[in-house]
>>> print(open('upload.csv').read())   # CSV, C-alpha atoms and all ligand atoms
chain,number,residue,atom,x,y,z
A,1,MET,CA,-2.5,-17.3,11.2
A,2,LYS,CA,-3.4,-14.7,8.6
A,3,ARG,CA,-2.1,-15.2,5.1
A,4,ILE,CA,-0.9,-11.9,3.6
A,5,GLY,CA,0.1,-11.8,-0.1
A,6,VAL,CA,2.8,-9.6,-1.5
A,7,LEU,CA,2.6,-8.8,-5.2
A,8,ALA,CA,5.9,-10.2,-6.4
A,9,LEU,CA,6.3,-8.9,-9.9
A,10,GLN,CA,8.9,-6.2,-9.1
A,11,GLY,CA,10.2,-4.1,-6.2
A,12,ALA,CA,10.6,-4.5,-2.4
A,13,VAL,CA,9.0,-8.0,-2.2
A,14,ARG,CA,11.4,-9.8,0.1
A,15,GLU,CA,11.5,-7.0,2.7
A,16,HIS,CA,7.7,-7.0,2.9
A,17,LEU,CA,7.6,-10.8,3.3
A,18,LEU,CA,10.1,-10.5,6.2
A,19,ALA,CA,8.0,-7.7,7.8
A,20,ILE,CA,4.9,-9.8,7.5
A,21,GLU,CA,6.6,-12.8,9.1
A,22,SER,CA,8.0,-10.6,11.9
A,23,SER,CA,4.5,-9.4,12.6
A,24,GLY,CA,3.2,-12.9,13.2
A,25,ALA,CA,1.5,-13.6,9.9
A,26,GLU,CA,2.3,-15.8,6.9
A,27,GLY,CA,3.8,-13.9,3.9
A,28,VAL,CA,2.9,-15.3,0.4
A,29,PRO,CA,4.5,-14.1,-2.8
A,30,VAL,CA,1.8,-13.5,-5.5
A,31,LYS,CA,2.6,-13.8,-9.2
A,32,THR,CA,-0.4,-15.5,-10.5
A,33,VAL,CA,-4.2,-15.3,-10.3
A,34,ALA,CA,-4.3,-18.7,-8.5
A,35,GLU,CA,-2.0,-17.3,-5.8
A,36,LEU,CA,-4.6,-14.6,-5.0
A,37,GLU,CA,-6.8,-17.3,-3.5
A,38,GLY,CA,-7.1,-17.8,0.2
A,39,LEU,CA,-5.4,-14.5,1.2
A,40,ASP,CA,-6.5,-12.3,4.1
A,41,GLY,CA,-4.7,-9.3,2.7
A,42,LEU,CA,-2.5,-8.1,-0.1
A,43,VAL,CA,0.5,-5.8,-0.1
A,44,LEU,CA,1.5,-3.8,-3.2
A,45,PRO,CA,5.2,-3.0,-2.7
A,46,GLY,CA,7.3,-0.1,-3.7
A,47,GLY,CA,9.2,-0.1,-6.9
A,48,GLU,CA,8.3,1.6,-10.2
A,49,SER,CA,4.6,2.0,-10.8
A,50,THR,CA,4.8,2.2,-14.6
A,51,THR,CA,6.9,-1.0,-14.7
A,52,MET,CA,4.6,-2.7,-12.2
A,53,ARG,CA,1.5,-1.7,-14.3
A,54,ARG,CA,3.1,-3.2,-17.4
A,55,LEU,CA,3.8,-6.5,-15.6
A,56,LEU,CA,0.2,-6.5,-14.1
A,57,ASP,CA,-1.1,-6.3,-17.6
A,58,ARG,CA,1.3,-9.0,-18.9
A,59,TYR,CA,0.4,-11.4,-16.1
A,60,GLU,CA,-3.3,-10.5,-16.4
A,61,LEU,CA,-3.5,-9.6,-12.7
A,62,LEU,CA,-4.9,-6.1,-12.7
A,63,GLU,CA,-8.6,-7.0,-13.0
A,64,PRO,CA,-8.4,-10.1,-10.7
A,65,ILE,CA,-6.8,-7.9,-8.0
A,66,ARG,CA,-9.4,-5.2,-8.5
A,67,ARG,CA,-12.2,-7.8,-8.3
A,68,LYS,CA,-10.8,-9.4,-5.1
A,69,ALA,CA,-10.4,-6.0,-3.5
A,70,LEU,CA,-13.9,-4.9,-4.3
A,71,ASP,CA,-15.1,-8.3,-3.0
A,72,GLY,CA,-13.6,-7.6,0.4
A,73,LEU,CA,-9.8,-8.2,0.3
A,74,PRO,CA,-7.8,-5.6,2.3
A,75,VAL,CA,-5.0,-4.0,0.3
A,76,PHE,CA,-2.0,-2.0,1.5
A,77,GLY,CA,-0.1,0.0,-1.1
A,78,THR,CA,3.4,1.4,-0.3
A,79,CYS,CA,5.1,4.0,-2.5
A,80,ALA,CA,4.6,2.7,-6.0
A,81,GLY,CA,1.8,0.5,-4.6
A,82,LEU,CA,0.1,3.7,-3.3
A,83,ILE,CA,0.2,5.0,-6.9
A,84,LEU,CA,-1.5,1.8,-8.1
A,85,LEU,CA,-4.2,2.2,-5.5
A,86,ALA,CA,-5.0,5.9,-6.2
A,87,GLY,CA,-8.2,6.9,-8.0
A,88,THR,CA,-6.4,9.9,-9.6
A,89,ILE,CA,-2.7,10.4,-10.5
A,90,VAL,CA,-1.6,13.9,-11.3
A,91,GLY,CA,-0.8,14.2,-15.0
A,92,TYR,CA,-2.4,10.9,-16.0
A,93,GLU,CA,-5.8,10.3,-17.7
A,94,GLU,CA,-6.5,6.9,-16.1
A,95,PRO,CA,-5.7,5.3,-12.7
A,96,HIS,CA,-4.3,1.8,-12.4
A,97,LEU,CA,-6.4,-0.1,-9.8
A,98,GLY,CA,-8.2,3.1,-8.7
A,99,LEU,CA,-9.4,1.6,-5.4
A,100,MET,CA,-8.9,4.6,-3.1
A,101,ASP,CA,-10.6,8.0,-3.3
A,102,ILE,CA,-7.3,9.9,-3.3
A,103,GLU,CA,-5.3,11.9,-5.7
A,104,VAL,CA,-1.5,11.3,-5.7
A,105,GLU,CA,1.5,13.0,-7.3
A,106,ARG,CA,4.5,10.9,-8.3
A,107,ASN,CA,8.1,11.7,-7.4
A,108,SER,CA,6.9,14.7,-5.4
A,109,PHE,CA,9.7,14.8,-2.9
A,110,GLY,CA,12.2,14.2,-5.7
A,111,ARG,CA,13.5,17.7,-6.2
A,112,GLN,CA,14.6,18.1,-2.6
A,113,VAL,CA,16.5,14.8,-2.2
A,114,ASP,CA,16.0,11.4,-3.7
A,115,SER,CA,15.7,9.5,-0.5
A,116,PHE,CA,15.5,10.4,3.2
A,117,GLU,CA,14.3,9.2,6.5
A,118,VAL,CA,12.0,11.0,9.0
A,119,SER,CA,10.3,10.3,12.2
A,120,LEU,CA,6.5,10.3,11.9
A,121,VAL,CA,3.6,10.5,14.3
A,122,ILE,CA,1.0,8.0,13.0
A,123,GLU,CA,-2.7,8.1,14.1
A,124,GLY,CA,-3.6,4.7,15.5
A,125,VAL,CA,0.1,3.5,15.4
A,126,GLY,CA,2.1,5.8,17.6
A,127,ALA,CA,5.0,8.2,17.5
A,128,ASP,CA,8.6,8.0,16.3
A,129,PHE,CA,7.9,5.8,13.3
A,130,PRO,CA,11.0,5.7,11.1
A,131,ALA,CA,9.7,6.4,7.6
A,132,VAL,CA,12.0,5.9,4.6
A,133,PHE,CA,11.1,7.9,1.5
A,134,ILE,CA,12.6,6.9,-1.9
A,135,ARG,CA,11.5,9.0,-4.9
A,136,ALA,CA,8.2,9.0,-3.1
A,137,PRO,CA,4.7,10.1,-4.2
A,138,HIS,CA,2.5,12.1,-1.8
A,139,ILE,CA,-1.3,12.3,-1.4
A,140,VAL,CA,-2.5,15.6,-2.8
A,141,SER,CA,-6.1,15.3,-1.6
A,142,VAL,CA,-8.5,12.7,-0.1
A,143,GLY,CA,-12.2,12.1,-0.5
A,144,PRO,CA,-14.8,12.2,2.4
A,145,GLU,CA,-14.4,8.5,3.3
A,146,VAL,CA,-10.6,8.6,3.6
A,147,GLU,CA,-8.9,9.1,7.0
A,148,VAL,CA,-5.5,10.8,7.0
A,149,LEU,CA,-3.2,8.9,9.3
A,150,ALA,CA,0.1,10.8,8.9
A,151,THR,CA,1.6,13.9,7.3
A,152,HIS,CA,5.1,15.1,6.6
A,153,GLU,CA,5.7,18.8,6.2
A,154,GLY,CA,2.0,19.4,5.6
A,155,ARG,CA,1.8,16.6,2.9
A,156,ILE,CA,-0.4,13.5,3.4
A,157,VAL,CA,1.8,10.4,3.5
A,158,LEU,CA,-0.4,7.7,5.0
A,159,ALA,CA,-4.2,7.3,4.5
A,160,ARG,CA,-6.9,4.7,5.1
A,161,GLN,CA,-10.2,4.1,3.4
A,162,GLY,CA,-11.8,1.2,5.2
A,163,ARG,CA,-9.8,-1.9,4.3
A,164,PHE,CA,-7.5,0.0,2.0
A,165,LEU,CA,-4.3,1.6,3.3
A,166,GLY,CA,-1.7,3.5,1.3
A,167,CYS,CA,1.5,5.2,2.2
A,168,SER,CA,4.2,7.3,0.5
A,169,PHE,CA,7.1,5.7,2.4
A,170,HIS,CA,8.7,2.3,2.7
A,171,PRO,CA,7.5,0.8,6.1
A,172,GLU,CA,9.3,-2.5,5.4
A,173,LEU,CA,12.9,-1.2,5.4
A,174,THR,CA,13.4,-0.9,9.1
A,175,ASP,CA,12.9,-3.2,12.1
A,176,ASP,CA,9.8,-1.1,13.2
A,177,HIS,CA,6.9,-3.2,11.9
A,178,ARG,CA,4.1,-1.2,13.6
A,179,VAL,CA,2.5,-0.1,10.3
A,180,MET,CA,2.5,-3.7,9.0
A,181,GLN,CA,0.9,-4.8,12.3
A,182,TYR,CA,-1.7,-2.1,11.8
A,183,PHE,CA,-2.5,-3.5,8.3
A,184,ILE,CA,-2.7,-7.0,9.6
A,185,ASP,CA,-5.1,-5.7,12.3
A,186,VAL,CA,-7.2,-4.2,9.5
A,187,CYS,CA,-7.2,-7.7,7.8
A,188,VAL,CA,-8.3,-9.4,11.1
A,189,LYS,CA,-11.1,-6.9,11.7
A,190,SER,CA,-12.2,-7.0,8.1
A,191,LYS,CA,-12.6,-10.8,8.2
A,192,GLU,CA,-14.5,-10.6,11.5
A,193,SER,CA,-17.0,-8.1,10.1
A,194,SER,CA,-19.7,-9.3,7.7
A,195,GLY,CA,-17.3,-9.6,4.8
A,196,VAL,CA,-18.6,-7.7,1.8
A,197,GLY,CA,-18.3,-3.9,1.9
A,198,SER,CA,-16.1,-1.9,4.3
A,199,VAL,CA,-14.3,-2.9,7.5
A,201,LIG,N1,8.8,6.9,-8.1
A,201,LIG,C1,8.2,5.6,-8.1
A,201,LIG,C2,6.9,5.6,-9.0
A,201,LIG,O1,6.5,6.6,-9.4
A,201,LIG,C3,7.8,5.1,-6.7
A,201,LIG,C4,9.1,5.0,-5.9
A,201,LIG,C5,9.1,3.9,-4.9
A,201,LIG,O2,8.2,3.0,-4.9
A,201,LIG,N2,10.1,3.9,-4.1
A,201,LIG,O3,6.4,4.5,-9.3
>>> encode(input="upload.csv", output="structure tokens")
Amino acid sequence: MKRIGVLALQGAVREHLLAIESSGAEGVPVKTVAELEGLDGLVLPGGESTTMRRLLDRYELLEPIRRKALDGLPVFGTCAGLILLAGTIVGYEEPHLGLMDIEVERNSFGRQVDSFEVSLVIEGVGADFPAVFIRAPHIVSVGPEVEVLATHEGRIVLARQGRFLGCSFHPELTDDHRVMQYFIDVCVKSKESSGVGSV
């Protein structure tokens, strides 16, 4: 059984652990560097990216997570987690983890409505995926190695770069766990391949 960690400093941790368990993997809350050991994948949940960054610094987890990811650990960032993964954040000088070659903009659906649900068609996952957006960021642009998997009203909301996956919405808040299953599949394939480098 795959062991999938969920960064458990703040945000939608419990819901992700349940989504992982419902997808046939073991969900492991991660609060310390030691808990990063032996994982097959790591989820960075939604919440508040600036708060999460502060806690990542306080718990001295930012560099260890970055190192594990560069060493081959698959990482899935949702909402605030997507912001943590992005190489560029609109209006900010520096990224947080900066693992994906994407540019994101925070709170970019905020002026329309704070939170809403739409049905998405997702490449490699299927149609009618219920996506919940809560003060969500969107992906403004992607680099050449990044695959766009879903858009909403012309904005990129789910993208993949090898073993890294990032989405604007909260895939853990409904009973449809296809996106989590997709990530677990990425973790399985990543382990089967030679290890270091991409999936
Ligand atoms: N607006 C939040 C941020 O910028 C993200 C919202 C969420 O994760 N639901 O971090």
>>> residues_near_ligand(input="upload.csv", ligand="ligand LIG 201 (chain A)", cutoff="8 Å", atoms="only C-alpha atoms and all ligand atoms", output="number ranges by chain")
A: 11, 45-52, 78-81, 83, 106-107, 133-137, 168-170
>>> closest_residue(input="upload.csv", among="A:Thr88, A:Gln181, A:Ser141, A:Thr174", to="Lys2 in chain A", atoms="all atoms listed in the file")
A:Gln181
>>> residues_around(input="upload.csv", residues="Phe164 in chain A", least_positions_apart="2", cutoff="10 Å", atoms="only C-alpha atoms", output="list in words")
Gly41, Leu42, Ala69, Gly72, Leu73, Pro74, Val75, Phe76, Gly77, Leu82, Leu85, Leu99, Met100, Val146, Ala159, Arg160, Gln161, Gly162, Gly166, Phe183, Val186, Cys187, Ser198 and Val199 of chain A
>>> atom_distance(input="upload.csv", atom1="CA of Ala127 in chain A", atom2="CA of Thr151 in chain A")
12.2 Å
>>> residues_around(input="upload.csv", residues="Ala150 in chain A", least_positions_apart="3", cutoff="6 Å", atoms="only C-alpha atoms", output="VMD selection string")
chain A and resid 122 157 to 158
>>> residues_around(input="upload.csv", residues="Glu21 in chain A", least_positions_apart="5", cutoff="12 Å", atoms="only C-alpha atoms", output="ChimeraX atom specification")
/A:1-6,14-16,26-28,172,175,177,180-181,184
>>> residues_near_point(input="upload.csv", point="(9.7, 2.6, 12.4)", cutoff="8 Å", atoms="all atoms listed in the file", output="number ranges by chain")
A: 119, 128-131, 171, 174-179
>>> atom_distance(input="upload.csv", atom1="CA of Val140 in chain A", atom2="CA of Arg155 in chain A")
7.2 Å
>>> closest_residue(input="upload.csv", among="A:Pro64, A:Gly98, A:Gly154, A:Pro144", to="Leu36 in chain A", atoms="only C-alpha atoms")
A:Pro64
>>> atom_distance(input="upload.csv", atom1="CA of Leu149 in chain A", atom2="CA of Val30 in chain A")
27.3 Å
>>> decode(input="upload.csv", residues="range 115-137 of chain A", atoms="N, CA and C atoms", output="tab-separated table (two decimals), in the first residue's frame")
chain	number	residue	atom	x	y	z
A	115	SER	N	-16.57	31.61	-2.98
A	115	SER	CA	-16.42	30.18	-3.19
A	115	SER	C	-17.56	29.67	-4.09
A	116	PHE	N	-17.23	28.70	-4.91
A	116	PHE	CA	-18.23	28.18	-5.85
A	116	PHE	C	-17.80	26.78	-6.30
A	117	GLU	N	-18.76	26.05	-6.88
A	117	GLU	CA	-18.45	24.70	-7.38
A	117	GLU	C	-18.78	24.63	-8.86
A	118	VAL	N	-17.89	24.02	-9.63
A	118	VAL	CA	-18.16	23.83	-11.06
A	118	VAL	C	-17.84	22.38	-11.43
A	119	SER	N	-18.33	21.99	-12.60
A	119	SER	CA	-18.06	20.66	-13.10
A	119	SER	C	-16.95	20.77	-14.15
A	120	LEU	N	-15.86	20.04	-13.95
A	120	LEU	CA	-14.72	20.16	-14.86
A	120	LEU	C	-14.52	18.90	-15.70
A	121	VAL	N	-13.96	19.11	-16.89
A	121	VAL	CA	-13.45	17.99	-17.69
A	121	VAL	C	-11.95	17.98	-17.44
A	122	ILE	N	-11.42	16.84	-16.98
A	122	ILE	CA	-10.01	16.77	-16.63
A	122	ILE	C	-9.31	15.72	-17.48
A	123	GLU	N	-8.29	16.17	-18.20
A	123	GLU	CA	-7.47	15.29	-19.03
A	123	GLU	C	-6.90	14.14	-18.19
A	124	GLY	N	-7.12	12.92	-18.63
A	124	GLY	CA	-6.56	11.78	-17.91
A	124	GLY	C	-7.37	11.35	-16.69
A	125	VAL	N	-8.44	12.12	-16.38
A	125	VAL	CA	-9.27	11.80	-15.21
A	125	VAL	C	-10.71	11.53	-15.64
A	126	GLY	N	-11.26	12.43	-16.46
A	126	GLY	CA	-12.62	12.25	-16.96
A	126	GLY	C	-13.45	13.51	-16.88
A	127	ALA	N	-14.76	13.35	-17.11
A	127	ALA	CA	-15.66	14.50	-17.14
A	127	ALA	C	-16.42	14.60	-15.82
A	128	ASP	N	-17.16	15.70	-15.70
A	128	ASP	CA	-18.06	15.90	-14.55
A	128	ASP	C	-17.36	15.82	-13.20
A	129	PHE	N	-16.15	16.35	-13.11
A	129	PHE	CA	-15.49	16.34	-11.80
A	129	PHE	C	-15.96	17.57	-11.01
A	130	PRO	N	-16.54	17.35	-9.82
A	130	PRO	CA	-17.03	18.49	-9.03
A	130	PRO	C	-15.87	19.21	-8.34
A	131	ALA	N	-15.56	20.42	-8.81
A	131	ALA	CA	-14.41	21.16	-8.27
A	131	ALA	C	-14.89	22.33	-7.42
A	132	VAL	N	-14.46	22.35	-6.16
A	132	VAL	CA	-14.84	23.42	-5.23
A	132	VAL	C	-13.70	24.43	-5.16
A	133	PHE	N	-14.03	25.69	-5.47
A	133	PHE	CA	-13.03	26.77	-5.44
A	133	PHE	C	-13.31	27.66	-4.22
A	134	ILE	N	-12.28	27.90	-3.40
A	134	ILE	CA	-12.42	28.77	-2.22
A	134	ILE	C	-11.29	29.80	-2.24
A	135	ARG	N	-11.61	31.06	-2.51
A	135	ARG	CA	-10.59	32.10	-2.64
A	135	ARG	C	-9.36	31.57	-3.39
A	136	ALA	N	-9.66	31.01	-4.55
A	136	ALA	CA	-8.68	30.18	-5.24
A	136	ALA	C	-7.69	30.99	-6.08
A	137	PRO	N	-6.47	30.46	-6.19
A	137	PRO	CA	-5.52	31.02	-7.15
A	137	PRO	C	-5.80	30.42	-8.53
